[in-house]
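Student: Just upload-v8.txt, nothing more (compact mmCIF, C-alpha atoms and all ligand atoms):
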```txt
# COMPACT_ATOMS: atom_id res chain seq x y z
CA MET O 1 17.67 8.41 -8.42
CA SER O 2 18.28 4.69 -9.04
CA ALA O 3 15.90 2.32 -10.87
CA GLY O 4 14.79 0.99 -7.49
CA HIS O 5 13.38 4.34 -6.47
CA PHE O 6 10.37 6.46 -7.39
CA LEU O 7 9.52 10.11 -6.80
CA ILE O 8 5.95 10.36 -5.48
CA GLY O 9 4.43 13.54 -6.85
CA GLY O 10 7.85 14.40 -8.25
CA GLU O 11 9.16 15.18 -4.73
CA LEU O 12 8.94 12.31 -2.21
CA GLU O 13 11.65 9.79 -3.03
CA VAL O 14 10.80 6.25 -1.97
CA ARG O 15 12.34 2.85 -2.45
CA ARG O 16 10.00 0.96 -4.74
CA LEU O 17 9.48 -1.96 -2.37
CA GLY O 18 7.58 -0.57 0.61
CA PHE O 19 5.76 -2.10 3.56
CA GLY O 20 2.04 -2.49 4.27
CA ALA O 21 1.30 -2.07 7.97
CA MET O 22 -2.20 -3.57 8.01
CA ARG O 23 -0.96 -6.92 9.33
CA VAL O 24 0.43 -5.50 12.58
CA CYS O 25 -3.13 -5.49 13.99
CA GLY O 26 -5.17 -8.31 15.51
CA PRO O 27 -7.09 -10.91 13.41
CA GLY O 28 -9.56 -9.39 10.94
CA VAL O 29 -7.47 -6.16 11.11
CA TRP O 30 -9.25 -5.57 14.43
CA GLY O 31 -7.71 -4.57 17.73
CA PRO O 32 -4.11 -4.88 18.90
CA PRO O 33 -1.70 -7.61 17.79
CA ALA O 34 -1.29 -10.66 20.04
CA ASP O 35 2.38 -9.74 20.52
CA ARG O 36 2.82 -5.96 20.70
CA ALA O 37 6.59 -6.11 21.30
CA SER O 38 7.10 -8.17 18.12
CA ALA O 39 4.98 -5.75 16.08
CA LEU O 40 7.10 -2.81 17.28
CA GLN O 41 10.28 -4.79 16.57
CA LEU O 42 9.07 -5.57 13.04
CA LEU O 43 8.33 -1.90 12.28
CA ARG O 44 11.79 -0.86 13.48
CA HIS O 45 13.36 -3.68 11.45
CA VAL O 46 11.49 -2.52 8.31
CA VAL O 47 12.97 0.97 8.52
CA LYS O 48 16.43 -0.28 9.50
CA SER O 49 16.39 -2.42 6.34
CA GLY O 50 16.07 0.70 4.21
CA VAL O 51 12.35 0.68 3.44
CA ASN O 52 11.07 4.26 3.51
CA LEU O 53 7.46 3.88 2.35
CA ILE O 54 5.04 2.56 4.98
CA ASP O 55 1.36 2.27 4.15
CA THR O 56 -1.26 2.40 6.90
CA ALA O 57 -4.82 3.64 7.54
CA ASP O 58 -6.87 4.95 10.44
CA ALA O 59 -9.19 1.97 9.89
CA TYR O 60 -6.45 -0.62 10.61
CA GLY O 61 -7.30 -1.63 14.15
CA PRO O 62 -8.89 0.98 14.02
CA ASP O 63 -6.14 3.37 15.14
CA VAL O 64 -3.80 0.50 16.14
CA SER O 65 -1.53 0.49 13.08
CA GLU O 66 -0.98 4.27 13.14
CA GLU O 67 -0.34 4.23 16.89
CA LEU O 68 2.20 1.39 16.63
CA ILE O 69 4.03 3.16 13.79
CA ALA O 70 4.39 6.29 15.92
CA GLU O 71 5.41 4.31 19.00
CA ALA O 72 8.04 2.35 17.06
CA LEU O 73 9.43 5.05 14.83
CA TYR O 74 8.80 8.54 16.22
CA PRO O 75 10.79 10.77 15.87
CA TYR O 76 10.78 9.67 12.25
CA PRO O 77 13.84 9.42 10.01
CA LYS O 78 13.87 12.40 7.62
CA ASP O 79 13.35 10.27 4.51
CA LEU O 80 10.47 8.12 5.84
CA VAL O 81 7.23 8.53 3.89
CA ILE O 82 4.14 7.47 5.84
CA ALA O 83 1.08 7.01 3.67
CA THR O 84 -2.17 6.80 5.58
CA LYS O 85 -5.81 6.70 4.53
CA GLY O 86 -9.24 7.79 5.67
CA GLY O 87 -12.78 7.18 4.51
CA LEU O 88 -13.56 3.73 5.93
CA THR O 89 -15.13 3.05 9.33
CA ARG O 90 -15.00 -0.19 11.31
CA GLN O 91 -17.79 -2.10 13.05
CA GLY O 92 -15.90 -5.27 13.98
CA PRO O 93 -13.32 -7.79 12.69
CA GLY O 94 -13.37 -7.89 8.89
CA GLN O 95 -16.11 -5.23 8.69
CA TRP O 96 -15.61 -2.01 6.76
CA LEU O 97 -18.05 0.74 5.70
CA SER O 98 -17.22 3.82 3.67
CA ASP O 99 -17.77 7.38 4.82
CA GLY O 100 -16.54 9.99 2.37
CA ARG O 101 -18.41 12.98 3.80
CA PRO O 102 -16.17 16.06 4.02
CA GLU O 103 -17.00 16.61 7.72
CA TYR O 104 -16.07 12.99 8.49
CA LEU O 105 -12.81 13.22 6.53
CA ARG O 106 -11.87 16.45 8.34
CA LYS O 107 -12.16 14.63 11.69
CA ALA O 108 -10.33 11.56 10.30
CA ILE O 109 -7.37 13.71 9.25
CA GLU O 110 -7.23 15.32 12.71
CA GLY O 111 -7.17 11.85 14.27
CA SER O 112 -4.38 10.59 12.00
CA LEU O 113 -2.27 13.71 12.64
CA ARG O 114 -2.63 13.14 16.40
CA ARG O 115 -1.89 9.39 16.32
CA LEU O 116 1.04 9.76 13.94
CA ARG O 117 2.37 12.65 16.08
CA THR O 118 2.91 14.88 13.08
CA ASP O 119 1.63 18.21 11.84
CA CYS O 120 1.71 17.17 8.18
CA ILE O 121 0.90 13.78 6.65
CA ASP O 122 3.21 12.90 3.73
CA LEU O 123 0.58 11.09 1.67
CA TYR O 124 -3.12 10.97 2.55
CA GLN O 125 -5.29 8.61 0.52
CA LEU O 126 -9.06 8.48 0.21
CA HIS O 127 -9.46 4.83 1.29
CA ALA O 128 -12.55 4.15 -0.84
CA VAL O 129 -15.19 6.07 -2.72
CA ASP O 130 -18.45 6.47 -0.77
CA ASP O 131 -21.40 5.66 -3.07
CA GLU O 132 -23.46 8.27 -1.23
CA VAL O 133 -20.94 11.10 -1.65
CA PRO O 134 -19.60 12.47 -4.95
CA ILE O 135 -15.85 11.78 -5.12
CA GLU O 136 -15.37 15.47 -5.95
CA ASP O 137 -16.68 16.40 -2.46
CA SER O 138 -14.40 13.91 -0.68
CA ILE O 139 -11.31 14.95 -2.64
CA GLY O 140 -12.31 18.61 -2.26
CA GLU O 141 -11.97 18.16 1.52
CA LEU O 142 -8.52 16.58 1.14
CA ALA O 143 -7.51 19.50 -1.09
CA ALA O 144 -8.68 21.91 1.65
CA ALA O 145 -6.55 20.01 4.21
CA GLN O 146 -3.62 20.26 1.80
CA ARG O 147 -4.07 24.03 1.58
CA ARG O 148 -4.10 24.17 5.41
CA GLY O 149 -0.74 22.33 5.38
CA GLU O 150 -2.08 19.18 7.07
CA ILE O 151 -1.45 16.94 4.05
CA ARG O 152 1.53 17.10 1.75
CA SER O 153 0.15 15.02 -1.11
CA ILE O 154 -3.10 13.29 -2.02
CA GLY O 155 -3.79 9.75 -3.23
CA VAL O 156 -6.89 7.69 -3.94
CA SER O 157 -7.67 4.03 -3.39
CA ASN O 158 -10.12 1.54 -4.86
CA VAL O 159 -11.00 3.71 -7.83
CA THR O 160 -12.03 3.12 -11.42
CA ALA O 161 -10.37 5.04 -14.24
CA VAL O 162 -13.40 7.34 -14.42
CA GLN O 163 -13.29 8.09 -10.69
CA LEU O 164 -9.57 8.81 -10.95
CA VAL O 165 -10.20 11.40 -13.63
CA GLN O 166 -12.99 12.94 -11.52
CA ALA O 167 -10.60 13.13 -8.55
CA GLN O 168 -7.93 14.75 -10.70
CA ALA O 169 -10.33 17.59 -11.47
CA GLU O 170 -10.28 18.53 -7.75
CA ALA O 171 -6.64 18.00 -6.78
CA THR O 172 -3.28 16.72 -7.96
CA ILE O 173 -3.47 12.97 -7.39
CA VAL O 174 0.00 11.50 -6.87
CA THR O 175 -0.86 7.84 -6.13
CA VAL O 176 -3.55 5.25 -6.75
CA GLN O 177 -3.85 2.22 -4.45
CA ASN O 178 -5.92 -0.58 -5.98
CA LYS O 179 -6.08 -4.35 -5.58
CA TYR O 180 -3.59 -5.80 -8.04
CA ASN O 181 -1.32 -8.80 -8.27
CA LEU O 182 -0.15 -11.46 -10.70
CA THR O 183 -3.54 -13.16 -10.80
CA THR O 184 -5.91 -10.23 -10.09
CA ARG O 185 -5.54 -7.60 -12.75
CA LYS O 186 -8.87 -5.78 -13.06
CA SER O 187 -6.92 -2.54 -12.56
CA ASP O 188 -4.66 -2.99 -15.61
CA GLU O 189 -6.29 -0.03 -17.33
CA VAL O 190 -5.90 2.21 -14.26
CA LEU O 191 -2.26 1.13 -13.90
CA ASP O 192 -1.53 1.91 -17.55
CA TYR O 193 -3.08 5.37 -17.10
CA CYS O 194 -0.91 5.95 -14.00
CA ALA O 195 2.20 4.80 -15.87
CA GLU O 196 1.43 7.27 -18.66
CA LEU O 197 1.08 10.18 -16.24
CA GLY O 198 3.81 9.18 -13.76
CA ILE O 199 1.28 8.62 -10.95
CA GLY O 200 2.49 6.09 -8.36
CA PHE O 201 0.48 2.84 -8.41
CA ILE O 202 0.39 0.99 -5.07
CA PRO O 203 -0.94 -2.56 -5.59
CA TRP O 204 -2.67 -3.92 -2.50
CA PHE O 205 -2.78 -7.68 -1.88
CA PRO O 206 0.49 -7.91 -3.88
CA LEU O 207 0.85 -11.51 -2.71
CA ASP O 208 -2.88 -12.25 -3.04
CA THR O 209 -3.00 -12.39 0.80
CA GLY O 210 -0.11 -14.83 0.85
CA ARG O 211 -1.56 -17.32 -1.70
CA LEU O 212 1.16 -16.46 -4.21
CA ALA O 213 3.76 -17.47 -1.62
CA THR O 214 2.60 -21.07 -1.89
CA ALA O 215 1.68 -21.20 -5.58
CA ASP O 216 2.91 -24.00 -7.83
CA GLY O 217 3.06 -24.32 -11.63
CA VAL O 218 4.74 -21.61 -13.73
CA LEU O 219 5.39 -19.39 -10.75
CA SER O 220 7.27 -22.05 -8.81
CA LEU O 221 9.20 -23.18 -11.91
CA ILE O 222 10.43 -19.65 -12.52
CA ALA O 223 11.18 -19.22 -8.82
CA ARG O 224 13.33 -22.37 -8.86
CA ALA O 225 15.23 -21.10 -11.93
CA HIS O 226 16.17 -17.95 -9.98
CA ASP O 227 16.85 -19.76 -6.72
CA ALA O 228 14.09 -17.55 -5.34
CA THR O 229 10.74 -18.09 -3.62
CA THR O 230 7.37 -17.70 -5.32
CA ALA O 231 6.62 -14.63 -3.15
CA GLN O 232 9.81 -13.00 -4.42
CA VAL O 233 8.94 -13.75 -8.06
CA ALA O 234 5.37 -12.43 -7.64
CA LEU O 235 6.79 -9.17 -6.25
CA ALA O 236 9.53 -9.02 -8.92
CA TRP O 237 6.79 -9.31 -11.57
CA LEU O 238 5.02 -6.29 -10.04
CA LEU O 239 8.25 -4.29 -9.94
CA ALA O 240 8.89 -5.10 -13.60
CA ARG O 241 5.28 -4.40 -14.67
CA ALA O 242 5.85 -0.61 -14.75
CA PRO O 243 8.29 1.85 -13.11
CA VAL O 244 5.41 3.54 -11.24
CA VAL O 245 4.44 0.36 -9.34
CA LEU O 246 5.17 0.55 -5.60
CA PRO O 247 4.36 -2.81 -3.96
CA ILE O 248 3.67 -2.76 -0.20
CA PRO O 249 3.66 -6.43 0.84
CA GLY O 250 2.22 -6.89 4.31
CA THR O 251 3.43 -9.29 6.94
CA SER O 252 3.54 -9.72 10.69
CA SER O 253 6.81 -11.64 10.48
CA ILE O 254 10.40 -10.42 10.20
CA ALA O 255 11.35 -13.61 8.32
CA HIS O 256 8.66 -13.01 5.67
CA PHE O 257 9.62 -9.34 5.43
CA ASP O 258 13.27 -10.27 4.79
CA GLU O 259 12.19 -12.85 2.21
CA ASN O 260 10.00 -10.29 0.40
CA GLU O 261 12.88 -7.79 0.34
CA GLY O 262 14.78 -10.38 -1.73
CA ALA O 263 12.42 -9.63 -4.65
CA ASN O 264 14.73 -6.73 -5.47
CA ARG O 265 17.38 -9.23 -6.57
CA VAL O 266 15.16 -11.15 -9.01
CA GLU O 267 15.41 -9.98 -12.60
CA LEU O 268 12.85 -11.60 -14.87
CA ASN O 269 13.53 -11.93 -18.57
CA LYS O 270 11.00 -11.18 -21.33
CA GLU O 271 9.86 -14.80 -21.69
CA GLU O 272 9.38 -15.18 -17.95
CA MET O 273 7.39 -11.93 -17.78
CA GLN O 274 5.18 -13.18 -20.60
CA ALA O 275 4.61 -16.58 -18.97
CA LEU O 276 3.77 -14.96 -15.63
CA SER O 277 1.48 -12.39 -17.25
CA GLY O 278 -0.47 -15.31 -18.72
CA LEU O 279 -1.54 -16.36 -15.21
CA ASP O 280 -4.14 -13.58 -15.05
CA GLN O 281 -7.64 -14.92 -14.31
CA ALA O 282 -9.40 -11.55 -14.34
CA ARG O 283 -9.65 -11.01 -18.08
N1 LIG O 301 -6.44 0.21 0.01
C1 LIG O 301 -7.03 -0.87 0.43
O1 LIG O 301 -8.27 -1.00 0.36
C2 LIG O 301 -6.21 -1.99 0.99
C3 LIG O 301 -6.78 -3.26 1.22
C4 LIG O 301 -5.96 -4.26 1.72
C5 LIG O 301 -4.62 -4.00 2.00
N2 LIG O 301 -4.10 -2.75 1.80
C6 LIG O 301 -2.67 -2.45 2.06
O2 LIG O 301 -1.90 -3.33 1.28
C7 LIG O 301 -0.93 -3.98 2.13
C8 LIG O 301 -0.63 -5.35 1.56
O3 LIG O 301 -1.79 -6.15 1.59
P1 LIG O 301 -1.91 -7.44 2.52
O4 LIG O 301 -0.94 -7.32 3.63
O5 LIG O 301 -3.29 -7.65 2.91
O6 LIG O 301 -1.68 -8.62 1.49
P2 LIG O 301 -0.43 -9.35 0.87
O7 LIG O 301 0.79 -8.53 1.03
O8 LIG O 301 -0.84 -9.80 -0.47
O9 LIG O 301 -0.33 -10.65 1.79
C9 LIG O 301 -0.13 -10.57 3.17
C10 LIG O 301 -0.34 -11.97 3.71
O10 LIG O 301 0.63 -12.82 3.14
C11 LIG O 301 1.44 -13.41 4.14
N3 LIG O 301 2.82 -13.28 3.67
C12 LIG O 301 3.54 -12.14 3.45
N4 LIG O 301 4.76 -12.44 2.99
C13 LIG O 301 4.83 -13.78 2.93
C14 LIG O 301 5.86 -14.69 2.54
N5 LIG O 301 7.03 -14.26 2.13
N6 LIG O 301 5.58 -16.01 2.61
C15 LIG O 301 4.39 -16.47 3.04
N7 LIG O 301 3.37 -15.67 3.41
C16 LIG O 301 3.60 -14.33 3.37
C17 LIG O 301 1.20 -12.63 5.40
O11 LIG O 301 1.22 -13.51 6.51
P3 LIG O 301 2.34 -13.36 7.66
O12 LIG O 301 1.90 -12.23 8.52
O13 LIG O 301 2.32 -14.68 8.33
O14 LIG O 301 3.64 -13.08 6.96
C18 LIG O 301 -0.19 -12.06 5.20
O15 LIG O 301 -1.16 -12.97 5.67
C19 LIG O 301 -1.61 -3.98 3.50
O16 LIG O 301 -0.68 -4.19 4.54
C20 LIG O 301 -2.23 -2.62 3.50
O17 LIG O 301 -1.24 -1.63 3.85
C21 LIG O 301 -4.88 -1.76 1.29
```
Would you kindly transcribe this structure into structure tokens?
Tutor:
Amino acid sequence: MSAGHFLIGGELEVRRLGFGAMRVCGPGVWGPPADRASALQLLRHVVKSGVNLIDTADAYGPDVSEELIAEALYPYPKDLVIATKGGLTRQGPGQWLSDGRPEYLRKAIEGSLRRLRTDCIDLYQLHAVDDEVPIEDSIGELAAAQRRGEIRSIGVSNVTAVQLVQAQAEATIVTVQNKYNLTTRKSDEVLDYCAELGIGFIPWFPLDTGRLATADGVLSLIARAHDATTAQVALAWLLARAPVVLPIPGTSSIAHFDENEGANRVELNKEEMQALSGLDQAR
């Protein structure tokens, strides 16, 4: 296994730079994309480029992202790891509500299996903790689905360190997906815990919704020194932050995808890492 790879749960080998498939939906992550053919082309391009970790969720669209992935890529290459999520419902563009009830999650898993045209989901993540439902009950349902063979491995998303430990009491948690990027680092403690235990850490909003692609100051100075773009340096910083970090930058554009892939080439030295780490506003 090369340095650019990670074994999720000790068994699913993925390239460390993956792809987030939330942006293949319509505006506000609602409904179909304006150009369906381009979205399908992008998904095929992603896999052709060697990416083998695609993140999605039943709530993206809803249903749209999972359906497009299946349409573009089924039958799937053997090494493709599709990570989906359940536990959030949609009411309209930009609207999300959590539902972590076991009976809801059971139905959500059935829906994802059908849309993804598979009988076993590689990685199923609890999208968010429902304040009304103990996390133990939600994860307990995912563990039951794992015993039934519907889920290969279990991840959590949007959790605190305490919630992660509570989840671990119910099942083996192989990944955590929290908001994290160069300038938003409230999850530093969770990431450090993951790094200690070898749990994959999937930072969402790795480019701060694209803002880091247009940043100036230290980021752009370092980018210029590497003949790279600021998006590439922001992703390179994440890759260098810890070996368990698995960024999944999202885009609806093949050009941006190709640019983001170039982050693999950028090697930051100690001084650059320190200067970039100083950009954190969350402390
Ligand atoms: N677990 C959760 O609660 C949660 C929440 C949010 C997201 N996610 C996951 O995390 C993934 C990544 O998050 P994200 O897609 O929202 O945020 P992101 O990767 O930080 O940024 C995506 C945005 O940046 C733009 N962008 C991407 N590459 C660019 C580049 N090289 N230059 C300029 N602009 C660029 C994209 O626009 P273009 O389309 O124009 O390229 C898009 O608007 C999602 O796809 C999803 O799978 C999970």
Student: Could you give me, as a tab-separated table, a per-residue list for chain O showing, wherever an atom lies at most 7 Å from an atom of ligand LIG 301 (chain O), the closest pair of atoms and their distance in Å to one decimal, using all atoms listed in the file and sorting by chain then residue number from low to high?
Tutor:
```
residue	atom	partner	partner_atom	distance
O:Phe19	CA	O:LIG301	O16	6.8
O:Gly20	CA	O:LIG301	O16	3.2
O:Ala21	CA	O:LIG301	O16	4.5
O:Met22	CA	O:LIG301	O16	3.8
O:Arg23	CA	O:LIG301	O16	5.5
O:Asp55	CA	O:LIG301	O17	4.7
O:Thr56	CA	O:LIG301	O17	5.1
O:His127	CA	O:LIG301	N1	5.7
O:Ala128	CA	O:LIG301	O1	6.8
O:Ser157	CA	O:LIG301	N1	5.3
O:Asn158	CA	O:LIG301	O1	6.1
O:Gln177	CA	O:LIG301	N1	5.5
O:Asn178	CA	O:LIG301	N1	6.1
O:Lys179	CA	O:LIG301	C3	6.9
O:Pro203	CA	O:LIG301	O2	7.0
O:Trp204	CA	O:LIG301	O2	3.9
O:Phe205	CA	O:LIG301	O8	3.2
O:Pro206	CA	O:LIG301	O8	4.1
O:Leu207	CA	O:LIG301	O8	3.3
O:Asp208	CA	O:LIG301	O8	4.1
O:Thr209	CA	O:LIG301	O9	3.3
O:Gly210	CA	O:LIG301	O10	3.1
O:Arg211	CA	O:LIG301	O10	7.0
O:Ala213	CA	O:LIG301	C15	4.8
O:Thr214	CA	O:LIG301	C15	7.0
O:Ala231	CA	O:LIG301	N5	5.3
O:Ile248	CA	O:LIG301	C7	5.3
O:Pro249	CA	O:LIG301	O7	3.6
O:Gly250	CA	O:LIG301	O4	3.3
O:Thr251	CA	O:LIG301	O12	3.7
O:Ser252	CA	O:LIG301	O12	3.7
O:Ser253	CA	O:LIG301	O14	5.0
O:His256	CA	O:LIG301	N5	4.1
O:Phe257	CA	O:LIG301	N4	6.3
O:Glu259	CA	O:LIG301	N5	5.3
O:Asn260	CA	O:LIG301	N5	5.3
```
Student: O:Asp99, O:Leu116, O:Ile139, O:Pro243: which is nearest Glu196 in chain O, counting all atoms listed in the file?
Tutor: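 Ranking O:Asp99, O:Leu116, O:Ile139, O:Pro243 by distance to Glu196 in chain O, first place goes to O:Pro243.
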Student: Would you kindly return, as an NGL selection string, each protein, DNA or RNA residue with an atom no farther than 9 Å from any atom of range 57-64 of chain O, considering all atoms listed in the file and excluding same-chain residues fewer than 6 positions away?
Tutor: :O and (21-26 or 28-33 or 83-90 or 93 or 96 or 108-109 or 111-112 or 115 or 125 or 127)
Student: Residues near range 69-78 of chain O, anyone? I mean within 8 Å using all atoms listed in the file, not counting same-chain ones fewer than 6 positions away, as a ChimeraX atom specification.
Tutor: /O:40-41,43-44,115-117
Student: Store the residues picked out above in a file with C-alpha atoms, as a compact mmCIF listing (two decimals), in the frame of the given file.
Tutor:
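Below is the file selection_2.txt, written as the result:
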```txt
# COMPACT_ATOMS: atom_id res chain seq x y z
CA LEU O 40 7.10 -2.81 17.28
CA GLN O 41 10.28 -4.79 16.57
CA LEU O 43 8.33 -1.90 12.28
CA ARG O 44 11.79 -0.86 13.48
CA ARG O 115 -1.89 9.39 16.32
CA LEU O 116 1.04 9.76 13.94
CA ARG O 117 2.37 12.65 16.08
```
Student: Could you tell me how far CA of Thr183 in chain O lies from CA of Met273 in chain O, in Å and to one decimal?
Tutor: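 Rounded to one decimal, the two atoms are 13.0 Å apart.
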Student: Return the padded bounding box of range 124-142 of chain O as AutoDock Vina command-line options: axis-aligned, built from all atoms listed in the file, 4 Å added on each side, with centre and edge lengths in Å to one decimal.
Tutor:
```
--center_x -13.3 --center_y 11.4 --center_z -1.7 --size_x 28.3 --size_y 22.5 --size_z 16.5
```
Student: Between CA of Thr175 in chain O and CA of Val156 in chain O, measure the distance and give it in Å to one decimal.
Tutor: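 Between these atoms lies a distance of 6.4 Å.
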Student: Enter the distance from CA of Ile121 in chain O to CA of Ile135 in chain O, in Å, rounded to one decimal.
Tutor: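 For CA of Ile121 in chain O relative to CA of Ile135 in chain O, the distance reads 20.6 Å.
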Student: Point out the residue among O:Leu80, O:Val46, O:Leu126, O:Leu191 with the least atom-to-atom distance to Val14 in chain O, counting only C-alpha atoms.
Tutor: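 Going through O:Leu80, O:Val46, O:Leu126, O:Leu191 one by one, the smallest distance to Val14 in chain O is for O:Leu80.
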Student: For Glu271 in chain O, please output as JSON, numbers by chain all residues within 12 Å (counting all atoms listed in the file; exclusion window: fewer than 5 positions along the same chain).
Tutor: {"O": [218, 222, 237, 276, 277, 278]}
Student: Name the closest residue to Asp227 in chain O among the candidates O:Val159, O:Leu53, O:Val266, O:Ala167; distances are taken between atoms, counting only C-alpha atoms.
Tutor: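 Of the candidates, the smallest distance to Asp227 in chain O is held by O:Val266.
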Student: Restricting the calculation to only C-alpha atoms, which member of O:Glu141, O:Asp131, O:Glu13, O:Glu150 is positioned closest to Gln163 in chain O?
Tutor: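 Of the candidates, the smallest distance to Gln163 in chain O is held by O:Asp131.
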Student: Out of O:Arg152, O:Lys107, O:His5, O:Arg185, which residue has the shortest atom-to-atom distance to Leu279 in chain O when counting all atoms listed in the file?
Tutor: O:Arg185
Student: With only C-alpha atoms as the counted atoms, please give the residues lying no more than 10 Å from Ala240 in chain O, apart from itself and same-chain residues fewer than 5 positions off, as a VMD selection string.
Tutor: chain O and resid 235 245 266 to 269 273
Student: I need the residue nearest Thr229 in chain O from this list: O:Ile199, O:Leu212, O:Val190, O:Ala275. Use all atoms listed in the file for the distance.
Tutor: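 Of O:Ile199, O:Leu212, O:Val190, O:Ala275, the one nearest Thr229 in chain O, counting all atoms listed in the file, is O:Leu212.
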Student: Take range 213-235 of chain O from the preceding structure and save C-alpha atoms as a PDB file, in the first residue's frame.
Tutor:
```
ATOM      1  CA  ALA O 213      -9.843  28.188  -4.239  1.00  0.00           C
ATOM      2  CA  THR O 214      -9.840  31.976  -4.410  1.00  0.00           C
ATOM      3  CA  ALA O 215      -7.993  32.786  -1.179  1.00  0.00           C
ATOM      4  CA  ASP O 216      -5.091  35.228  -1.126  1.00  0.00           C
ATOM      5  CA  GLY O 217      -2.364  35.870   1.468  1.00  0.00           C
ATOM      6  CA  VAL O 218      -0.237  32.997   2.794  1.00  0.00           C
ATOM      7  CA  LEU O 219      -2.180  30.382   0.873  1.00  0.00           C
ATOM      8  CA  SER O 220      -1.662  32.042  -2.490  1.00  0.00           C
ATOM      9  CA  LEU O 221       2.019  32.782  -1.734  1.00  0.00           C
ATOM     10  CA  ILE O 222       2.674  29.125  -0.984  1.00  0.00           C
ATOM     11  CA  ALA O 223       0.638  28.089  -4.030  1.00  0.00           C
ATOM     12  CA  ARG O 224       2.784  30.319  -6.254  1.00  0.00           C
ATOM     13  CA  ALA O 225       5.975  28.817  -4.791  1.00  0.00           C
ATOM     14  CA  HIS O 226       4.769  25.350  -5.850  1.00  0.00           C
ATOM     15  CA  ASP O 227       3.386  26.474  -9.190  1.00  0.00           C
ATOM     16  CA  ALA O 228       0.081  25.187  -7.851  1.00  0.00           C
ATOM     17  CA  THR O 229      -3.380  26.639  -7.227  1.00  0.00           C
ATOM     18  CA  THR O 230      -4.729  27.582  -3.804  1.00  0.00           C
ATOM     19  CA  ALA O 231      -7.283  24.731  -4.012  1.00  0.00           C
ATOM     20  CA  GLN O 232      -4.435  22.268  -4.545  1.00  0.00           C
ATOM     21  CA  VAL O 233      -2.473  23.632  -1.576  1.00  0.00           C
ATOM     22  CA  ALA O 234      -5.559  23.554   0.697  1.00  0.00           C
ATOM     23  CA  LEU O 235      -6.060  19.880  -0.213  1.00  0.00           C
TER      24      LEU O 235
END
```
